[in-house]
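Next comes protein-v1.cif, a file with mmCIF, C-alpha atoms and all ligand atoms.
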data_input
#
loop_
_atom_site.label_atom_id
_atom_site.label_comp_id
_atom_site.auth_asym_id
_atom_site.auth_seq_id
_atom_site.Cartn_x
_atom_site.Cartn_y
_atom_site.Cartn_z
CA MET A 36 110.65 119.75 66.50
CA LYS A 37 112.07 116.25 66.82
CA ARG A 38 109.05 114.79 65.08
CA LEU A 39 109.36 117.22 62.20
CA GLY A 40 113.02 116.29 61.78
CA ARG A 41 112.10 112.64 61.74
CA ALA A 42 109.40 113.21 59.10
CA VAL A 43 111.77 115.20 56.90
CA ARG A 44 114.40 112.50 57.22
CA GLY A 45 111.88 109.79 56.32
CA PHE A 46 110.75 111.75 53.28
CA LEU A 47 114.35 112.27 52.13
CA GLY A 48 115.01 108.55 52.54
CA MET A 49 112.04 107.70 50.36
CA LEU A 50 113.11 110.27 47.78
CA ALA A 51 116.60 108.74 47.70
CA GLY A 52 115.07 105.29 47.19
CA PHE A 53 112.94 106.50 44.30
CA SER A 54 115.81 108.35 42.69
CA SER A 55 118.03 105.25 42.85
CA LEU A 56 115.23 103.27 41.22
CA ILE A 57 114.81 105.82 38.43
CA ILE A 58 118.57 106.10 37.91
CA SER A 59 118.94 102.31 37.72
CA TRP A 60 116.15 101.92 35.26
CA THR A 61 117.30 104.82 33.07
CA ALA A 62 120.86 103.48 33.09
CA SER A 63 119.62 100.01 32.23
CA TYR A 64 117.52 101.42 29.37
CA PHE A 65 120.41 103.35 27.80
CA ILE A 66 122.95 100.58 28.27
CA LEU A 67 120.65 98.06 26.61
CA ARG A 68 119.88 100.49 23.80
CA VAL A 69 123.59 100.85 23.04
CA LEU A 70 124.08 97.09 23.27
CA PHE A 71 121.10 96.35 21.04
CA GLN A 72 122.30 98.86 18.42
CA ARG A 73 125.70 97.23 18.35
CA PHE A 74 124.75 93.55 18.59
CA GLY A 75 121.17 93.62 17.40
CA ALA A 76 118.01 93.57 19.47
CA PRO A 77 116.35 90.30 20.48
CA SER A 78 113.39 89.44 18.27
CA SER A 79 110.97 89.12 21.20
CA VAL A 80 109.80 92.22 23.08
CA TYR A 81 109.33 90.04 26.14
CA VAL A 82 113.02 89.04 26.19
CA SER A 83 114.21 92.63 25.74
CA GLN A 84 111.99 93.81 28.57
CA LEU A 85 113.17 90.96 30.81
CA LEU A 86 116.80 91.87 30.13
CA GLY A 87 116.01 95.51 30.92
CA MET A 88 114.47 94.58 34.22
CA LEU A 89 117.33 92.25 35.28
CA LEU A 90 119.94 94.86 34.43
CA GLY A 91 117.93 97.51 36.29
CA PHE A 92 117.90 95.39 39.45
CA LEU A 93 121.60 94.61 39.08
CA ILE A 94 122.42 98.31 38.93
CA LEU A 95 120.11 99.04 41.87
CA PHE A 96 121.90 96.42 43.99
CA CYS A 97 125.27 97.84 42.99
CA ILE A 98 124.20 101.33 44.06
CA GLY A 99 122.85 99.96 47.38
CA GLY A 100 126.06 98.02 48.01
CA LEU A 101 128.14 101.07 47.24
CA ILE A 102 126.13 103.25 49.63
CA SER A 103 126.32 100.79 52.51
CA LEU A 104 130.05 100.35 51.88
CA ILE A 105 130.51 104.11 52.16
CA THR A 106 128.36 104.47 55.28
CA TYR A 107 129.72 101.36 57.03
CA GLY A 108 132.59 103.21 58.66
CA LYS A 109 130.21 105.96 59.71
CA GLN A 110 127.75 103.49 61.20
CA ASN A 111 130.53 101.81 63.09
CA LYS A 112 131.56 105.12 64.55
CA PHE A 113 127.93 105.74 65.44
CA TYR A 114 127.33 102.48 67.28
CA SER A 115 130.69 101.79 68.86
CA PRO A 116 130.29 104.19 71.85
CA ILE A 117 126.98 102.50 72.66
CA LEU A 118 128.46 99.02 72.35
CA ASN A 119 131.47 100.00 74.44
CA ALA A 120 129.28 101.39 77.19
CA VAL A 121 127.08 98.30 77.25
CA ARG A 122 130.14 96.04 77.37
CA ARG A 123 131.63 98.03 80.26
CA ILE A 124 128.35 97.94 82.16
CA SER A 125 128.07 94.19 81.68
CA LYS A 126 131.56 93.85 83.20
CA GLY A 127 130.46 95.80 86.28
CA ASP A 128 131.88 99.21 85.42
CA PHE A 129 128.88 101.40 86.15
CA THR A 130 130.71 104.66 85.48
CA ALA A 131 130.27 103.94 81.76
CA LYS A 132 128.27 106.58 79.93
CA VAL A 133 127.47 107.36 76.33
CA GLU A 134 128.34 111.00 75.64
CA ASP A 135 126.56 113.40 73.23
CA VAL A 136 123.12 111.86 73.45
CA GLU A 137 121.76 114.44 70.94
CA ARG A 138 123.95 112.94 68.26
CA TYR A 139 121.87 109.77 68.22
CA GLY A 140 118.68 111.35 66.94
CA ARG A 141 115.98 108.74 66.89
CA MET A 142 118.04 106.40 69.05
CA GLY A 143 118.52 109.09 71.66
CA GLU A 144 115.94 107.55 73.97
CA LEU A 145 117.66 104.20 73.87
CA VAL A 146 121.00 105.81 74.65
CA GLU A 147 119.47 107.81 77.48
CA GLY A 148 118.00 104.56 78.79
CA ILE A 149 121.45 102.99 78.80
CA ASN A 150 122.89 105.95 80.70
CA GLU A 151 120.06 105.83 83.20
CA MET A 152 120.56 102.12 83.69
CA ALA A 153 124.25 102.66 84.39
CA SER A 154 123.66 105.38 86.95
CA GLU A 155 120.91 103.36 88.65
CA LEU A 156 123.15 100.30 88.81
CA SER A 157 125.91 102.42 90.22
CA ARG A 158 123.57 103.79 92.88
CA MET A 159 122.52 100.26 93.80
CA GLU A 160 126.11 99.14 93.99
CA THR A 161 126.91 101.96 96.42
CA MET A 162 123.88 100.99 98.47
CA ARG A 163 125.03 97.38 98.53
CA GLN A 164 128.49 98.34 99.71
CA ASP A 165 127.07 100.65 102.39
CA PHE A 166 124.78 97.86 103.47
CA ILE A 167 127.63 95.41 103.87
CA SER A 168 129.74 97.87 105.80
CA ASN A 169 126.79 98.75 108.06
CA VAL A 170 126.01 95.10 108.72
CA SER A 171 129.63 94.31 109.55
CA HIS A 172 129.77 97.28 111.85
CA GLU A 173 126.57 96.25 113.61
CA ILE A 174 127.84 92.71 114.04
CA GLN A 175 131.26 93.83 115.17
CA SER A 176 130.26 95.95 118.16
CA PRO A 177 128.27 93.33 120.10
CA LEU A 178 130.88 90.69 119.26
CA THR A 179 133.64 92.90 120.63
CA SER A 180 131.80 93.36 123.86
CA ILE A 181 130.93 89.64 124.14
CA ARG A 182 134.56 88.73 123.60
CA GLY A 183 135.77 91.29 126.13
CA PHE A 184 133.41 90.21 128.88
CA ALA A 185 133.98 86.52 128.21
CA ARG A 186 137.70 87.14 128.64
CA ALA A 187 137.10 89.13 131.80
CA LEU A 188 135.06 86.27 133.25
CA ARG A 189 138.18 84.10 133.25
CA ARG A 190 139.60 86.10 136.16
CA GLU A 191 139.14 84.22 139.37
CA ASP A 192 139.01 87.11 141.78
CA LEU A 193 135.65 88.36 140.48
CA SER A 194 132.80 88.70 142.90
CA ARG A 195 129.59 86.87 142.22
CA GLU A 196 127.75 90.12 141.39
CA THR A 197 130.34 91.24 138.88
CA ARG A 198 130.23 87.84 137.25
CA GLU A 199 126.45 88.03 137.02
CA HIS A 200 126.69 91.53 135.57
CA TYR A 201 129.12 90.42 132.86
CA LEU A 202 126.93 87.45 132.02
CA ASP A 203 123.93 89.78 131.73
CA ILE A 204 125.83 91.92 129.25
CA ILE A 205 126.87 88.90 127.23
CA GLU A 206 123.28 87.73 127.15
CA ALA A 207 121.97 91.14 126.11
CA GLU A 208 124.56 91.51 123.37
CA SER A 209 123.79 88.05 122.02
CA ALA A 210 120.12 88.96 122.00
CA ARG A 211 121.02 92.11 120.07
CA LEU A 212 122.91 90.08 117.49
CA SER A 213 120.05 87.70 117.10
CA GLY A 214 117.61 90.62 116.82
CA LEU A 215 119.82 92.10 114.12
CA SER A 216 119.85 88.91 112.08
CA ASP A 217 116.11 88.60 112.58
CA SER A 218 115.48 92.13 111.30
CA LEU A 219 117.82 91.67 108.36
CA LEU A 220 116.11 88.48 107.35
CA LYS A 221 112.67 90.05 107.64
CA LEU A 222 113.72 93.09 105.63
CA SER A 223 115.20 90.96 102.89
CA VAL A 224 112.13 88.75 102.68
CA LEU A 225 109.83 91.77 102.60
CA GLU A 226 111.97 93.50 100.02
CA SER A 227 112.16 90.50 97.73
CA GLY A 228 108.74 91.65 96.53
CA SER A 229 107.41 88.14 96.33
CA PHE A 230 106.09 88.25 99.85
CA PRO A 231 102.48 87.13 99.99
CA LEU A 232 100.56 89.38 102.31
CA GLU A 233 98.21 87.17 104.24
CA ALA A 234 95.67 89.79 105.20
CA LYS A 235 92.84 88.89 107.52
CA PRO A 236 90.42 91.12 109.39
CA TYR A 237 91.23 91.48 113.09
CA ARG A 238 90.72 93.86 115.99
CA LEU A 239 93.53 96.41 115.98
CA ASP A 240 92.71 97.81 119.40
CA LYS A 241 92.97 94.36 120.99
CA GLN A 242 96.33 93.79 119.37
CA LEU A 243 97.62 97.12 120.65
CA ARG A 244 96.36 96.41 124.16
CA ASN A 245 98.12 93.02 124.20
CA ILE A 246 101.37 94.56 123.05
CA LEU A 247 101.13 97.23 125.74
CA LEU A 248 100.64 94.53 128.34
CA ALA A 249 103.58 92.54 127.03
CA CYS A 250 105.81 95.63 127.28
CA GLU A 251 104.64 96.45 130.78
CA PRO A 252 107.78 95.23 132.56
CA GLN A 253 109.84 97.59 130.40
CA TRP A 254 107.91 100.80 130.96
CA MET A 255 107.13 99.97 134.56
CA GLY A 256 110.78 99.18 135.17
CA LYS A 257 111.82 102.52 133.71
CA GLY A 258 109.16 104.45 135.58
CA ILE A 259 107.36 105.61 132.46
CA GLU A 260 103.67 106.35 132.44
CA VAL A 261 101.73 104.83 129.56
CA GLU A 262 98.37 106.04 128.41
CA ALA A 263 96.21 104.34 125.80
CA GLU A 264 93.14 105.55 123.96
CA LEU A 265 92.00 102.73 121.78
CA ALA A 266 88.77 102.94 119.83
CA GLU A 267 87.29 99.75 118.47
CA VAL A 268 88.87 99.32 115.03
CA THR A 269 88.93 96.29 112.77
CA VAL A 270 91.58 96.30 110.07
CA THR A 271 92.44 93.76 107.40
CA GLY A 272 96.12 93.07 107.44
CA ALA A 273 98.93 90.68 108.31
CA GLU A 274 98.55 90.55 112.07
CA ASP A 275 102.05 89.38 112.95
CA LEU A 276 103.75 91.90 110.67
CA LEU A 277 101.69 94.78 112.05
CA SER A 278 102.44 93.55 115.55
CA GLN A 279 106.10 94.10 114.70
CA VAL A 280 105.28 97.67 113.68
CA TRP A 281 103.62 98.56 116.99
CA ASN A 282 106.31 96.76 118.95
CA ASN A 283 109.09 98.67 117.23
CA LEU A 284 107.36 102.01 117.72
CA LEU A 285 106.57 101.36 121.35
CA HIS A 286 110.06 100.12 122.11
CA ASN A 287 111.55 103.22 120.54
CA SER A 288 109.32 105.45 122.64
CA ILE A 289 110.22 103.61 125.82
CA LYS A 290 113.89 103.54 124.84
CA PHE A 291 114.18 107.23 124.09
CA THR A 292 112.04 108.50 126.96
CA PRO A 293 113.70 109.16 130.29
CA PRO A 294 112.20 107.87 133.57
CA GLY A 295 109.20 109.92 134.63
CA GLY A 296 108.21 110.54 131.04
CA LYS A 297 105.04 109.62 129.30
CA VAL A 298 104.15 107.43 126.32
CA MET A 299 100.78 107.66 124.69
CA ILE A 300 99.19 105.37 122.16
CA THR A 301 95.94 106.06 120.37
CA ALA A 302 93.98 104.20 117.73
CA ARG A 303 91.00 105.62 115.92
CA LEU A 304 89.00 105.44 112.77
CA ILE A 305 89.18 108.26 110.23
CA GLY A 306 86.92 107.66 107.26
CA THR A 307 88.15 104.48 105.59
CA GLU A 308 91.45 104.53 107.42
CA ALA A 309 92.72 103.46 110.78
CA GLU A 310 95.15 105.82 112.46
CA VAL A 311 97.56 104.76 115.18
CA VAL A 312 99.68 107.38 116.92
CA VAL A 313 102.53 106.50 119.23
CA SER A 314 103.84 109.59 120.99
CA ASP A 315 106.25 110.22 123.83
CA THR A 316 107.78 113.00 125.89
CA GLY A 317 111.28 111.70 125.25
CA ALA A 318 114.50 112.89 123.65
CA GLY A 319 112.96 113.96 120.36
CA ILE A 320 114.65 114.04 116.97
CA SER A 321 116.34 117.02 115.35
CA LYS A 322 115.00 118.60 112.18
CA GLU A 323 118.01 117.36 110.20
CA ASP A 324 117.62 113.78 111.35
CA LEU A 325 113.86 113.57 111.06
CA PRO A 326 113.65 112.90 107.30
CA ARG A 327 116.22 110.13 107.57
CA ILE A 328 115.05 108.01 110.49
CA PHE A 329 113.24 105.53 108.22
CA GLU A 330 116.46 104.70 106.39
CA ARG A 331 118.16 101.45 107.11
CA PHE A 332 120.75 101.62 109.88
CA TYR A 333 120.08 105.28 110.49
CA LYS A 334 120.45 106.32 114.10
CA ALA A 335 119.85 109.95 114.88
CA ASP A 336 122.10 110.25 117.88
CA LYS A 337 124.82 107.68 117.36
CA ALA A 338 126.18 107.72 120.90
CA ARG A 339 122.78 107.55 122.54
CA SER A 340 121.40 104.93 120.18
CA ALA A 341 124.49 102.76 120.49
CA GLY A 342 124.11 102.82 124.25
CA ALA A 343 120.45 101.97 123.87
CA GLY A 344 121.37 98.95 121.80
CA GLY A 345 119.51 99.49 118.52
CA SER A 346 120.62 98.65 115.03
CA GLY A 347 118.72 101.40 113.24
CA LEU A 348 116.63 98.85 111.36
CA GLY A 349 113.46 99.13 113.43
CA LEU A 350 111.86 102.05 111.61
CA SER A 351 112.87 100.85 108.16
CA LEU A 352 111.01 97.63 108.93
CA VAL A 353 108.06 99.69 110.15
CA LYS A 354 108.02 101.63 106.90
CA LYS A 355 108.36 98.52 104.76
CA ILE A 356 105.49 96.76 106.51
CA VAL A 357 103.23 99.82 106.42
CA ASP A 358 104.04 100.27 102.71
CA LEU A 359 103.07 96.66 102.07
CA HIS A 360 99.72 97.45 103.64
CA LEU A 361 99.48 100.51 101.37
CA GLY A 362 99.45 102.70 104.44
CA GLU A 363 101.54 105.69 105.42
CA VAL A 364 103.88 106.44 108.26
CA ARG A 365 105.29 109.82 109.24
CA ALA A 366 107.10 111.30 112.17
CA GLU A 367 106.78 114.61 113.95
CA SER A 368 109.25 115.58 116.58
CA ARG A 369 110.98 118.36 118.47
CA LEU A 370 114.38 117.86 119.97
CA GLY A 371 114.10 117.57 123.74
CA GLU A 372 110.30 117.64 123.71
CA GLY A 373 109.10 114.39 122.30
CA THR A 374 108.20 112.40 119.24
CA GLU A 375 105.02 111.38 117.50
CA ILE A 376 104.85 108.60 114.95
CA ILE A 377 101.62 108.48 112.97
CA VAL A 378 100.62 105.39 111.04
CA THR A 379 97.56 105.31 108.81
CA LEU A 380 96.32 102.07 107.32
CA PRO A 381 93.51 101.55 104.84
CA LEU A 382 90.90 99.41 106.59
CA SER A 383 91.06 96.80 103.88
CA VAL A 384 94.21 96.26 101.91
CA LYS A 385 92.46 94.17 99.30
CA GLU A 386 89.98 96.87 98.33
CA GLU A 387 92.80 99.38 98.20
CA ARG A 388 94.83 97.11 95.92
CA GLU A 389 91.90 96.64 93.59
CA ARG A 390 91.38 100.35 93.35
CA GLU A 391 95.01 100.90 92.30
N1 LIG A 401 110.48 107.78 119.89
C1 LIG A 401 111.68 108.25 119.51
N2 LIG A 401 112.26 109.28 120.19
C2 LIG A 401 113.47 109.76 119.81
N3 LIG A 401 114.19 109.28 118.77
C3 LIG A 401 113.67 108.26 118.08
C4 LIG A 401 112.40 107.70 118.40
N4 LIG A 401 112.13 106.71 117.50
C5 LIG A 401 113.20 106.66 116.69
N5 LIG A 401 114.13 107.57 117.02
C6 LIG A 401 115.40 107.84 116.32
O1 LIG A 401 115.37 107.16 115.07
C7 LIG A 401 116.43 106.25 114.96
C8 LIG A 401 116.00 105.05 114.16
O2 LIG A 401 115.09 104.26 114.88
P1 LIG A 401 115.09 102.70 114.67
O3 LIG A 401 115.07 102.46 113.20
O4 LIG A 401 114.01 102.10 115.48
O5 LIG A 401 116.51 102.27 115.17
P2 LIG A 401 117.02 101.84 116.62
O6 LIG A 401 115.84 101.85 117.55
O7 LIG A 401 117.54 100.48 116.39
O8 LIG A 401 118.08 102.81 116.97
C9 LIG A 401 116.83 105.94 116.39
O9 LIG A 401 118.17 105.56 116.46
C10 LIG A 401 116.57 107.25 117.07
O10 LIG A 401 117.66 108.10 116.93
MG MG A 402 114.08 100.86 117.22
#
Taking this structure as input, can you express it in the form of structure tokens?
Ligand SMILES: Nc1ncnc2c1ncn2[C@@H]1O[C@H](COP(=O)(O)OP(=O)(O)O)[C@@H](O)[C@H]1O
Ligand SMILES: [Mg+2]
Amino acid sequence: MKRLGRAVRGFLGMLAGFSSLIISWTASYFILRVLFQRFGAPSSVYVSQLLGMLLGFLILFCIGGLISLITYGKQNKFYSPILNAVRRISKGDFTAKVEDVERYGRMGELVEGINEMASELSRMETMRQDFISNVSHEIQSPLTSIRGFARALRREDLSRETREHYLDIIEAESARLSGLSDSLLKLSVLESGSFPLEAKPYRLDKQLRNILLACEPQWMGKGIEVEAELAEVTVTGAEDLLSQVWNNLLHNSIKFTPPGGKVMITARLIGTEAEVVVSDTGAGISKEDLPRIFERFYKADKARSAGAGGSGLGLSLVKKIVDLHLGEVRAESRLGEGTEIIVTLPLSVKEERERE
């Protein structure tokens, strides 16, 4: 329908052009005829034809000028909402919107593009503000507790054990702050998009075994049983980044599983993909929270997570890193029963990239 309208309009435009041409030439012909009758025609046919042509063009220009003069106001009215919106957007007002998109006909797509840009910018601005408020909040809570315990340490009647306990808390909270800044930095580097993925082939099962060993004090200390079923798998990826993925998943499982619970980690090969599953018999995640746990700063159970000392960035980093490897990560969970995080990675990122 739109295309037909456009064709009709184009045809009418051409018709108008032709008619103006014919009108100009006819007018020029008659004017010259009158003039020649009154003042005598030039002796040379060439000169009379030249005069006819010049006059024809003059009249054509006059008609064109007249038309653009008439439509100028209309054009102004046509473009000014677009210009206004663009100006407002450039000044940071992302609520700007061009109304009545249908009015713009052929330019409708451009106008729609401007509206889309404004709403996308506005969404990003909201995200930025949320981000800042989340970061300040995450910085504030450990700082408050550091300040409080540092002040408490000034008291002289404290026993040695209490003093040690306060110092432990201060140390843990400082570590949390430094972990937060570390995660933020990593996320921002990974999200800048210019991150070169240094993928090399390595043994995934060995990496997982090493990480399990490194975490041993934590799960042993909490009285959690850990089971591993690691098939021999070689993947091509950024080893240190993927190590962060497994670490984050394992720490979550240990963190959210009560003493006496069980954490299980399996790695296997499925076709051209490696699958790693980290599951636990811990607190689980509710159906409402499940789709959101990969968002930045999202903590399903605020009270519990705050006590556990997380920032809610762990899983968003996991997702980012897995995405960079063109893999997939998903979570399955039942509240009170346990959680299962499944990561699949293409065996070779390079081949996968080439195929895309
Ligand atoms: N294994 C798990 N068991 C129960 N809940 C989990 C588990 N893993 C993640 N979650 C939920 O997802 C949220 C986001 O996880 P994450 O991004 O690692 O943040 P953090 O560990 O810093 O709280 C956690 O706060 C928690 O509520
Ligand atoms: Mg975590």
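Using only C-alpha atoms, the nearest neighbour of Glu260 in chain A within the list A:Pro236, A:Ser176, A:Gly317, A:Leu220 is A:Gly317.
In terms of minimum interatomic distance to Arg244 in chain A, A:Ile300 ranks closest within A:Leu215, A:Leu277, A:Leu380, A:Ile300, counting all atoms listed in the file.
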(message) Can you tell me which residues surround range 355-370 of chain A at a distance of at most 10 Å, considering only C-alpha atoms, apart from same-chain residues fewer than 4 positions away, and format the answer as a ChimeraX atom specification?
(response) /A:221-222,225-226,228,230-232,234,271-273,276-277,279-280,308-322,325-326,328-329,350-351,374-385,387-388
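Each of A:Gly214, A:Gly108, A:Pro77, A:Gly296 was compared to ligand MG 402 (chain A) using all atoms listed in the file, and A:Gly214 turns out to be the nearest.
Closest approach to ligand MG 402 (chain A) from the set A:Arg303, A:His200, A:Arg327, A:Lys290 is made by A:Lys290, with distances taken over all atoms listed in the file.
Restricting the calculation to all atoms listed in the file, the smallest distance between Glu173 in chain A and any of A:Ser115, A:Ser154, A:Gln242, A:Ser346 is found for A:Ser346.
Take the candidates A:Lys354, A:Lys334, A:Arg182, A:Lys297 and check each one against ligand LIG 401 (chain A) using all atoms listed in the file; the shortest distance goes to A:Lys334.
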Mind running chain A against ligand MG 402 (chain A) at 9 Å and telling me each contacting residue's nearest atom pair with the distance in Å (one decimal), counting all atoms listed in the file, chain and number ascending, as CSV?
residue,atom,partner,partner_atom,distance
A:Asn282,CA,A:MG402,MG,9.0
A:Asn283,CA,A:MG402,MG,5.4
A:Leu284,CA,A:MG402,MG,6.8
A:Leu285,CA,A:MG402,MG,8.6
A:His286,CA,A:MG402,MG,6.4
A:Asn287,CA,A:MG402,MG,4.8
A:Ser288,CA,A:MG402,MG,8.5
A:Lys290,CA,A:MG402,MG,8.1
A:Lys334,CA,A:MG402,MG,9.0
A:Ser340,CA,A:MG402,MG,8.9
A:Gly344,CA,A:MG402,MG,8.8
A:Gly345,CA,A:MG402,MG,5.7
A:Ser346,CA,A:MG402,MG,7.2
A:Gly347,CA,A:MG402,MG,6.1
A:Leu348,CA,A:MG402,MG,6.7
A:Gly349,CA,A:MG402,MG,4.2
A:Leu350,CA,A:MG402,MG,6.1
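Note that CA of Thr269 in chain A and atom O5 of ligand LIG 401 (chain A) are 28.3 Å apart.
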(message) Residues near range 79-88 of chain A, anyone? I mean within 10 Å using only C-alpha atoms, not counting same-chain ones fewer than 3 positions away, as a PyMOL selection string.
(response) chain A and resi 59-68+71+76+91-94
(message) Can you pull out the residues contacting Asn169 in chain A? Cut-off 10 Å, using only C-alpha atoms, and skip same-chain residues under 6 positions away; I want them as an MDAnalysis selection string.
(response) chainID A and resid 163 175 331:333 346:347
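Pairwise distance (CA of Ser278 in chain A, CA of Cys250 in chain A) equals 12.4 Å.
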(request) Tell me, in Å to one decimal, how far atom C3 of ligand LIG 401 (chain A) is from CA of Gly373 in chain A. (result) 8.7 Å
